[in-house]
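A.B. asks: File query-v2.csv follows (CSV, C-alpha atoms and all ligand atoms):
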chain,number,residue,atom,x,y,z
V,1,MET,CA,-9.8,-17.1,-13.8
V,2,LYS,CA,-10.2,-16.9,-10.0
V,3,ALA,CA,-8.5,-14.8,-7.3
V,4,ALA,CA,-9.2,-14.0,-3.7
V,5,LEU,CA,-8.4,-11.6,-0.9
V,6,VAL,CA,-7.2,-13.3,2.3
V,7,GLY,CA,-7.5,-11.3,5.6
V,8,SER,CA,-9.4,-10.8,8.7
V,9,GLY,CA,-12.6,-8.6,8.6
V,10,ILE,CA,-12.3,-7.8,4.9
V,11,GLY,CA,-16.0,-7.5,4.2
V,12,PRO,CA,-15.9,-3.8,3.4
V,13,SER,CA,-12.8,-4.1,1.1
V,14,LEU,CA,-13.1,-2.4,-2.3
V,15,THR,CA,-10.5,-4.7,-3.9
V,16,PRO,CA,-12.9,-7.5,-5.1
V,17,GLY,CA,-15.2,-4.9,-6.8
V,18,MET,CA,-12.3,-3.1,-8.5
V,19,HIS,CA,-10.7,-6.3,-9.8
V,20,GLU,CA,-14.0,-7.8,-11.1
V,21,ALA,CA,-15.0,-4.5,-12.8
V,22,GLU,CA,-11.7,-4.3,-14.7
V,23,GLY,CA,-12.0,-8.0,-15.6
V,24,ARG,CA,-15.5,-7.4,-17.0
V,25,ALA,CA,-14.3,-4.4,-19.0
V,26,GLN,CA,-11.6,-6.6,-20.5
V,27,GLY,CA,-14.1,-9.4,-21.3
V,28,LEU,CA,-12.3,-11.8,-18.9
V,29,ALA,CA,-14.2,-14.5,-17.0
V,30,TYR,CA,-12.6,-13.3,-13.7
V,31,ARG,CA,-14.1,-14.0,-10.3
V,32,TYR,CA,-12.5,-12.4,-7.2
V,33,GLU,CA,-13.6,-13.8,-3.8
V,34,ARG,CA,-13.1,-13.0,-0.1
V,35,PHE,CA,-11.4,-15.6,2.2
V,36,ASP,CA,-12.2,-13.8,5.5
V,37,THR,CA,-10.0,-15.4,8.1
V,38,ALA,CA,-12.3,-14.1,10.9
V,39,LEU,CA,-15.1,-16.3,9.5
V,40,ALA,CA,-15.7,-20.0,8.9
V,41,PRO,CA,-14.3,-22.0,7.1
V,42,TRP,CA,-11.1,-19.9,6.8
V,43,LYS,CA,-10.8,-19.1,10.5
V,44,ASP,CA,-10.1,-22.7,11.3
V,45,MET,CA,-7.5,-23.1,8.6
V,46,SER,CA,-3.8,-22.2,8.8
V,47,LEU,CA,-2.4,-19.7,6.3
V,48,SER,CA,-0.4,-22.6,4.8
V,49,ALA,CA,-3.6,-24.6,4.3
V,50,ILE,CA,-5.4,-21.7,2.7
V,51,LEU,CA,-2.6,-21.2,0.2
V,52,ASP,CA,-2.5,-25.0,-0.6
V,53,HIS,CA,-6.3,-24.9,-1.1
V,54,ALA,CA,-6.2,-21.8,-3.4
V,55,GLU,CA,-3.3,-23.4,-5.5
V,56,ALA,CA,-5.0,-26.8,-5.7
V,57,GLN,CA,-8.3,-25.1,-6.8
V,58,GLY,CA,-6.6,-23.3,-9.6
V,59,TYR,CA,-6.7,-19.7,-8.3
V,60,ALA,CA,-4.4,-17.5,-10.4
V,61,GLY,CA,-3.4,-15.5,-7.3
V,62,LEU,CA,-4.3,-14.0,-3.9
V,63,ASN,CA,-4.1,-10.6,-2.2
V,64,ILE,CA,-3.0,-10.9,1.4
V,65,THR,CA,-3.9,-8.3,4.0
V,66,HIS,CA,-3.9,-7.7,7.7
V,67,PRO,CA,-2.9,-9.7,9.8
V,68,HIS,CA,-1.1,-12.1,7.4
V,69,LYS,CA,1.3,-9.9,5.3
V,70,MET,CA,4.4,-10.7,7.5
V,71,GLN,CA,3.8,-14.4,7.8
V,72,VAL,CA,3.2,-15.4,4.2
V,73,ALA,CA,6.8,-15.1,2.8
V,74,ARG,CA,7.9,-18.4,4.2
V,75,HIS,CA,5.3,-20.3,2.2
V,76,LEU,CA,6.5,-19.0,-1.2
V,77,ASP,CA,9.1,-20.1,-3.7
V,78,ALA,CA,10.2,-16.6,-4.8
V,79,LEU,CA,10.0,-13.0,-3.6
V,80,SER,CA,10.2,-9.7,-5.5
V,81,ASP,CA,13.1,-7.5,-4.6
V,82,ALA,CA,10.8,-5.2,-2.5
V,83,SER,CA,9.2,-8.1,-0.6
V,84,GLN,CA,12.6,-9.5,0.2
V,85,ALA,CA,13.8,-6.1,1.4
V,86,LEU,CA,10.7,-5.5,3.6
V,87,GLY,CA,9.8,-9.1,4.6
V,88,THR,CA,6.2,-8.5,3.6
V,89,VAL,CA,3.9,-9.9,0.8
V,90,ASN,CA,0.5,-8.7,-0.2
V,91,THR,CA,0.1,-10.4,-3.5
V,92,ILE,CA,0.8,-14.0,-4.4
V,93,VAL,CA,0.9,-15.3,-8.0
V,94,PHE,CA,0.5,-19.0,-8.7
V,95,ARG,CA,2.1,-19.9,-12.0
V,96,ASP,CA,3.6,-23.1,-13.4
V,97,GLY,CA,3.5,-24.8,-10.0
V,98,ARG,CA,5.4,-21.9,-8.4
V,99,ARG,CA,4.3,-19.3,-5.9
V,100,SER,CA,5.8,-15.8,-6.1
V,101,GLY,CA,5.3,-13.0,-3.6
V,102,HIS,CA,5.1,-9.3,-4.2
V,103,THR,CA,4.3,-6.1,-2.4
V,104,THR,CA,1.9,-3.8,-4.3
V,105,ASP,CA,2.0,-1.4,-1.3
V,106,TYR,CA,5.5,-0.7,-2.6
V,107,SER,CA,4.9,-0.8,-6.3
V,108,GLY,CA,1.5,1.0,-6.0
V,109,PHE,CA,3.0,3.9,-4.0
V,110,ALA,CA,5.9,4.0,-6.4
V,111,ALA,CA,3.5,4.2,-9.4
V,112,ALA,CA,1.3,6.8,-7.6
V,113,LEU,CA,4.4,8.9,-7.0
V,114,GLN,CA,5.4,8.6,-10.6
V,115,ALA,CA,2.0,9.8,-11.7
V,116,PHE,CA,2.0,12.7,-9.2
V,117,ASP,CA,5.6,13.5,-10.2
V,118,PRO,CA,6.8,15.5,-7.2
V,119,ARG,CA,10.4,16.6,-6.5
V,120,VAL,CA,11.9,13.5,-4.7
V,121,GLU,CA,15.4,12.8,-6.2
V,122,GLY,CA,18.2,14.2,-4.2
V,123,VAL,CA,16.0,16.2,-1.9
V,124,ASP,CA,14.9,15.9,1.7
V,125,ILE,CA,11.6,14.1,2.3
V,126,VAL,CA,10.1,13.4,5.7
V,127,GLN,CA,7.8,10.5,6.3
V,128,PHE,CA,5.7,10.2,9.4
V,129,GLY,CA,4.8,6.6,10.4
V,130,ALA,CA,7.1,3.6,10.2
V,131,GLY,CA,4.5,0.8,10.3
V,132,GLY,CA,3.6,-1.8,7.7
V,133,ALA,CA,2.4,0.6,5.0
V,134,GLY,CA,5.1,3.1,5.9
V,135,ALA,CA,7.8,0.6,5.3
V,136,ALA,CA,6.6,0.1,1.7
V,137,THR,CA,6.2,3.9,1.0
V,138,ALA,CA,9.6,4.6,2.6
V,139,LEU,CA,11.4,2.1,0.3
V,140,ALA,CA,9.6,3.6,-2.7
V,141,LEU,CA,10.8,7.1,-1.7
V,142,VAL,CA,14.3,5.8,-1.2
V,143,ASP,CA,14.2,4.1,-4.6
V,144,ALA,CA,13.0,7.3,-6.2
V,145,GLY,CA,16.2,8.9,-4.8
V,146,ALA,CA,14.9,10.7,-1.7
V,147,ARG,CA,17.1,11.7,1.3
V,148,LEU,CA,14.6,10.3,3.8
V,149,THR,CA,13.9,11.1,7.4
V,150,LEU,CA,11.6,8.8,9.3
V,151,VAL,CA,9.5,10.0,12.2
V,152,ASP,CA,7.4,7.8,14.4
V,153,LEU,CA,5.9,8.2,17.9
V,154,ASP,CA,7.6,4.9,18.5
V,155,GLU,CA,11.2,6.0,17.9
V,156,ALA,CA,12.6,2.5,18.1
V,157,ARG,CA,10.2,1.5,15.2
V,158,ALA,CA,11.5,4.4,13.0
V,159,GLU,CA,15.1,3.5,13.8
V,160,ALA,CA,14.5,-0.2,13.1
V,161,LEU,CA,12.9,0.6,9.7
V,162,ALA,CA,15.8,3.0,8.9
V,163,ASP,CA,18.2,0.1,9.7
V,164,GLN,CA,16.2,-2.3,7.5
V,165,LEU,CA,16.2,0.1,4.6
V,166,ARG,CA,19.9,0.9,4.9
V,167,ALA,CA,20.6,-2.9,4.8
V,168,ALA,CA,18.6,-3.2,1.6
V,169,ARG,CA,19.9,0.0,0.0
V,170,PRO,CA,23.4,0.7,1.4
V,171,ALA,CA,24.0,3.8,-0.7
V,172,ALA,CA,20.7,5.5,0.4
V,173,GLN,CA,20.6,8.4,2.8
V,174,ILE,CA,18.1,7.5,5.5
V,175,ARG,CA,17.8,8.8,9.1
V,176,SER,CA,15.3,8.6,11.8
V,177,GLY,CA,14.4,11.0,14.6
V,178,SER,CA,13.3,14.6,14.5
V,179,ALA,CA,12.8,16.3,11.2
V,180,ASP,CA,13.3,19.9,9.9
V,181,LEU,CA,10.1,20.3,7.9
V,182,ALA,CA,11.1,23.8,6.7
V,183,ARG,CA,13.9,22.2,4.7
V,184,ALA,CA,11.8,19.4,3.3
V,185,ALA,CA,10.8,19.3,-0.4
V,186,GLY,CA,7.9,16.9,0.6
V,187,ALA,CA,6.2,15.2,3.5
V,188,VAL,CA,4.3,11.9,3.6
V,189,ASN,CA,1.7,10.8,6.2
V,190,ALA,CA,1.9,7.0,6.7
V,191,THR,CA,0.3,7.1,10.1
V,192,PRO,CA,-3.4,6.4,10.6
V,193,LEU,CA,-4.1,10.0,11.7
V,194,GLY,CA,-6.8,11.5,9.6
V,195,MET,CA,-9.0,8.4,9.8
V,196,ASP,CA,-12.3,8.9,11.6
V,197,ALA,CA,-11.1,6.8,14.5
V,198,TYR,CA,-7.8,8.7,14.6
V,199,PRO,CA,-8.6,12.4,14.1
V,200,GLY,CA,-5.8,15.0,13.7
V,201,MET,CA,-2.6,15.4,11.7
V,202,ALA,CA,0.8,13.9,12.3
V,203,PHE,CA,2.4,17.2,11.2
V,204,ASP,CA,1.2,20.7,10.5
V,205,PRO,CA,1.7,21.6,6.8
V,206,GLN,CA,2.2,25.2,7.8
V,207,ARG,CA,5.7,24.2,8.9
V,208,LEU,CA,6.6,23.2,5.3
V,209,GLY,CA,8.1,25.7,2.8
V,210,PRO,CA,5.8,27.2,0.2
V,211,GLY,CA,7.1,24.9,-2.7
V,212,ALA,CA,6.7,21.7,-0.8
V,213,TRP,CA,4.3,18.8,-1.6
V,214,VAL,CA,2.3,16.5,0.7
V,215,ALA,CA,1.2,12.9,0.3
V,216,ASP,CA,-1.3,11.2,2.6
V,217,ILE,CA,-1.9,7.5,2.4
V,218,VAL,CA,-5.0,7.5,4.5
V,219,TYR,CA,-7.9,6.8,2.1
V,220,PHE,CA,-10.9,6.4,4.5
V,221,PRO,CA,-11.7,9.2,4.1
V,222,LEU,CA,-10.1,10.4,0.9
V,223,GLU,CA,-9.8,14.0,2.2
V,224,THR,CA,-8.2,14.3,5.6
V,225,ALA,CA,-7.5,17.3,7.9
V,226,LEU,CA,-4.0,17.1,6.5
V,227,THR,CA,-4.9,17.2,2.8
V,228,ARG,CA,-7.3,20.0,3.5
V,229,ALA,CA,-4.8,22.1,5.5
V,230,ALA,CA,-2.0,21.5,2.9
V,231,ARG,CA,-4.3,22.6,0.0
V,232,ALA,CA,-5.4,25.6,2.0
V,233,ARG,CA,-1.7,26.5,2.3
V,234,GLY,CA,-1.4,26.2,-1.5
V,235,LEU,CA,0.8,23.0,-1.5
V,236,ARG,CA,0.6,20.2,-4.1
V,237,VAL,CA,-1.3,17.3,-2.5
V,238,MET,CA,-1.6,13.6,-3.3
V,239,ASN,CA,-4.3,11.9,-1.3
V,240,GLY,CA,-4.5,8.2,-0.3
V,241,GLY,CA,-6.7,7.2,-3.2
V,242,ALA,CA,-3.6,7.3,-5.5
V,243,MET,CA,-1.8,4.5,-3.6
V,244,ALA,CA,-5.0,2.5,-3.2
V,245,LEU,CA,-5.7,2.7,-6.9
V,246,TYR,CA,-2.2,1.9,-8.2
V,247,GLN,CA,-1.8,-1.0,-5.8
V,248,ALA,CA,-5.0,-2.5,-7.2
V,249,VAL,CA,-3.7,-1.9,-10.7
V,250,ALA,CA,-0.5,-3.6,-9.9
V,251,ALA,CA,-2.2,-6.6,-8.2
V,252,PHE,CA,-4.6,-7.0,-11.2
V,253,GLU,CA,-1.7,-7.1,-13.6
V,254,LEU,CA,0.3,-9.5,-11.5
V,255,ILE,CA,-2.6,-11.9,-10.9
V,256,THR,CA,-4.2,-11.9,-14.3
V,257,GLY,CA,-1.2,-11.2,-16.5
V,258,HIS,CA,-3.3,-8.5,-18.3
V,259,THR,CA,-2.5,-4.8,-18.4
V,260,ALA,CA,-5.0,-2.8,-16.5
V,261,SER,CA,-6.4,0.6,-17.4
V,262,ALA,CA,-5.6,2.9,-14.5
V,263,SER,CA,-8.3,5.4,-15.5
V,264,ARG,CA,-11.0,2.8,-15.7
V,265,MET,CA,-9.9,1.3,-12.4
V,266,ARG,CA,-10.0,4.9,-10.9
V,267,ALA,CA,-13.6,5.3,-12.1
V,268,SER,CA,-14.6,2.0,-10.4
V,269,PHE,CA,-12.7,3.0,-7.3
V,270,ASP,CA,-14.5,6.4,-7.2
V,271,GLN,CA,-17.8,4.6,-7.7
V,272,LEU,CA,-17.2,2.1,-5.0
V,273,MET,CA,-16.0,4.8,-2.6
V,274,ALA,CA,-19.1,6.9,-3.3
V,275,ALA,CA,-21.3,3.9,-2.7
V,276,ARG,CA,-19.5,3.3,0.6
V,277,GLY,CA,-20.0,6.9,1.6
V,278,GLY,CA,-16.2,7.3,1.8
V,279,ALA,CA,-15.6,9.8,-1.1
B,1,LIG,P1,0.6,0.7,11.5
B,1,LIG,O1,-0.2,0.7,12.7
B,1,LIG,O2,1.4,-0.5,11.1
B,1,LIG,O3,1.7,1.9,11.6
B,1,LIG,C1,1.3,3.2,11.9
B,1,LIG,C2,2.5,3.9,12.5
B,1,LIG,O4,2.2,5.3,12.7
B,1,LIG,C3,2.9,3.3,13.9
B,1,LIG,O5,4.3,2.9,13.9
B,1,LIG,C4,2.6,4.5,14.9
B,1,LIG,O6,3.5,4.5,16.0
B,1,LIG,C5,2.8,5.7,14.0
B,1,LIG,N1,2.2,6.9,14.4
B,1,LIG,C6,0.9,7.1,14.9
B,1,LIG,N2,0.7,8.4,15.2
B,1,LIG,C7,1.8,9.0,14.9
B,1,LIG,C8,2.2,10.4,14.9
B,1,LIG,N3,1.4,11.3,15.4
B,1,LIG,N4,3.4,10.7,14.5
B,1,LIG,C9,4.3,9.8,14.1
B,1,LIG,N5,4.0,8.5,14.0
B,1,LIG,C10,2.8,8.1,14.4
B,1,LIG,O7,-0.4,1.1,10.3
B,1,LIG,P2,-0.1,0.8,8.7
B,1,LIG,O8,-0.6,-0.5,8.4
B,1,LIG,O9,1.2,1.2,8.4
B,1,LIG,O10,-1.2,1.9,8.1
B,1,LIG,C11,-1.1,3.3,8.3
B,1,LIG,C12,-2.2,4.0,7.5
B,1,LIG,O11,-2.0,3.7,6.1
B,1,LIG,C13,-3.6,3.5,7.8
B,1,LIG,O12,-4.5,4.6,7.9
B,1,LIG,C14,-4.0,2.7,6.6
B,1,LIG,O13,-5.4,2.7,6.3
B,1,LIG,C15,-3.3,3.4,5.5
B,1,LIG,N6,-3.0,2.6,4.3
B,1,LIG,C16,-3.3,3.1,3.1
B,1,LIG,C17,-3.0,2.3,1.9
B,1,LIG,C18,-3.4,2.9,0.6
B,1,LIG,O14,-3.4,2.1,-0.3
B,1,LIG,N7,-3.7,4.2,0.5
B,1,LIG,C19,-2.4,1.1,2.0
B,1,LIG,C20,-2.1,0.6,3.3
B,1,LIG,C21,-2.4,1.3,4.4
Would you write out, as structure tokens, the structure that this file holds?
C.D. replies:
Amino acid sequence: MKAALVGSGIGPSLTPGMHEAEGRAQGLAYRYERFDTALAPWKDMSLSAILDHAEAQGYAGLNITHPHKMQVARHLDALSDASQALGTVNTIVFRDGRRSGHTTDYSGFAAALQAFDPRVEGVDIVQFGAGGAGAATALALVDAGARLTLVDLDEARAEALADQLRAARPAAQIRSGSADLARAAGAVNATPLGMDAYPGMAFDPQRLGPGAWVADIVYFPLETALTRAARARGLRVMNGGAMALYQAVAAFELITGHTASASRMRASFDQLMAARGGA
């Protein structure tokens, strides 16, 4: 069985290593390649030609990353409910001559939340960042029953995401603008703040109440100024490794059709992160 990651500048991605390690552990002959669209021969091919090539060569599926997640839907036969709601696809499955599109940013964050098991249903949750990843985490929060407030430096972006989510989930309570962190049961960082190139925190966890939780989706590095400050305040914290892990679990299962072991994939994620110096 073969799969590949399609994206620009994907050399450092941990995804191929995680998929192949899980395949080996299950005794599958499973090869996971990189189609780096910044490099030949992929950079001279259209996205549609890359998909045709992969399908014709018998690939079981593809993961799609930056900058192609928004453009891929139009080349597919069917979309998951979340991909339809968000207009993004990061996993394609080729089966029986049909191409289906999924977003494991959504299902991975939803599974990570479920494992973390914070208070979400019927309570106020604030999310900072309304970009590509933030759209997926916001839908997962809404589907878990959150009353969601979206905050973004680009206010129009937060407002547009709130509109998009309300269109997909008319009964949900979603607003954008400023947030009252003291009233929130939890807060999510879906901005790049905390990465080495973007130091700092989108919000100060001191402003949250003592029983609140914090989730960060930044995972390079795994521990950010935010996760450290939130822990120092005594709050429950989920770091970005959880979403990264569960999105890989979901993609492995969609592409191979085999159930993955989350604990085994976590071990290979930890190993690959340590080897990269990111843990
Ligand atoms: P993006 O650039 O599409 O969106 C980021 C958004 O954050 C932008 O709208 C920006 O205006 C906003 N923003 C920046 N600083 C802010 C601040 N101080 N307050 C409020 N809003 C602010 O980026 P993205 O693709 O959504 O990715 C965001 C982060 O998520 C990246 O660090 C990425 O590495 C991480 N990510 C993690 C996973 C995972 O599996 N853990 C998956 C995808 C992305």
A.B. asks: Give the residue list for ligand LIG 1 (chain B) at 9 Å, counting all atoms listed in the file, as a VMD selection string, sorted by chain and then by residue number.
C.D. replies: chain V and resid 66 104 to 105 108 to 109 127 to 136 150 to 155 157 to 158 189 to 195 198 200 to 203 216 to 220 222 239 to 248
A.B. asks: Using only C-alpha atoms, which residue out of V:Met1, V:Val249, V:Ala230, V:Ala29 lies closest to Val214 in chain V?
C.D. replies: V:Ala230
A.B. asks: Could you list, as a list in words, every residue within 7 Å of Lys2 in chain V, counting all atoms listed in the file and ignoring same-chain residues fewer than 5 positions away?
C.D. replies: Tyr30, Arg31, Tyr32, Tyr59 and Ala60 of chain V
A.B. asks: To one decimal place, how far is CA of Leu79 in chain V from CA of His102 in chain V in Å?
C.D. replies: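 Computed distance, CA of Leu79 in chain V to CA of His102 in chain V, equals 6.2 Å.
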A.B. asks: With only C-alpha atoms as the counted atoms, please give the residues lying no more than 8 Å from His19 in chain V, apart from itself and same-chain residues fewer than 2 positions off, as a ChimeraX atom specification.
C.D. replies: /V:15-17,21-23,32,248,252
A.B. asks: Could you tell me how far CA of Leu254 in chain V lies from CA of Val93 in chain V, in Å and to one decimal?
C.D. replies: 6.8 Å
A.B. asks: With all atoms listed in the file as the basis for distance, which of V:Val237, V:Arg34, V:Val89, V:Ile10 is at the shortest distance from Ala112 in chain V?
C.D. replies: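 Distance minimum relative to Ala112 in chain V lands on V:Val237.
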A.B. asks: What is the CA of Val126 in chain V to CA of Met70 in chain V distance in Å?
C.D. replies: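 The value is 24.8 Å.
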A.B. asks: Nearest to Ile125 in chain V among V:Gly145, V:Gly186, V:Gly87, V:Gly277, with distances taken over only C-alpha atoms: which residue is it?
C.D. replies: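 Residue with the minimum atom-to-atom distance to Ile125 in chain V: V:Gly186.
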A.B. asks: Near Leu272 in chain V, within 8 Å and counting only C-alpha atoms, which residues show up once chain neighbours fewer than 2 positions away are dropped, as a list of chain:residue names?
C.D. replies: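 Near Leu272 in chain V, the qualifying residues are V:Leu14, V:Gly17, V:Met18, V:Ser268, V:Phe269, V:Asp270, V:Ala274, V:Ala275, V:Arg276.
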A.B. asks: Find, counting only C-alpha atoms, the residue in V:Gly211, V:Ala138, V:Thr37, V:Gly97 that gets nearest to Asp52 in chain V.
C.D. replies: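 With only C-alpha atoms as the atom set, the closest residue is V:Gly97.
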A.B. asks: Between V:Gly122, V:Pro221, V:Gly27, V:Gly7, single out the one closest to Leu39 in chain V, counting all atoms listed in the file.
C.D. replies: V:Gly7
A.B. asks: Between V:Arg119, V:His258, V:Arg169, V:Lys43, single out the one closest to Asp81 in chain V, counting all atoms listed in the file.
C.D. replies: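 Once distances to Asp81 in chain V are computed over all atoms listed in the file, the minimum belongs to V:Arg169.
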A.B. asks: Find the residues around Asp77 in chain V up to 7 Å (only C-alpha atoms counted), leave out those fewer than 3 positions away in its own chain, and share them as a ChimeraX atom specification.
C.D. replies: /V:98-100
A.B. asks: I'd like the contact shell of Ala172 in chain V - 9 Å cut-off, all atoms listed in the file, skipping same-chain residues fewer than 2 positions apart - returned as a list in words.
C.D. replies: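 Near neighbours after the sequence-gap exclusion: Val142, Asp143, Gly145, Ala146, Arg147, Leu148, Leu165, Arg166, Arg169, Pro170 and Ile174 of chain V.
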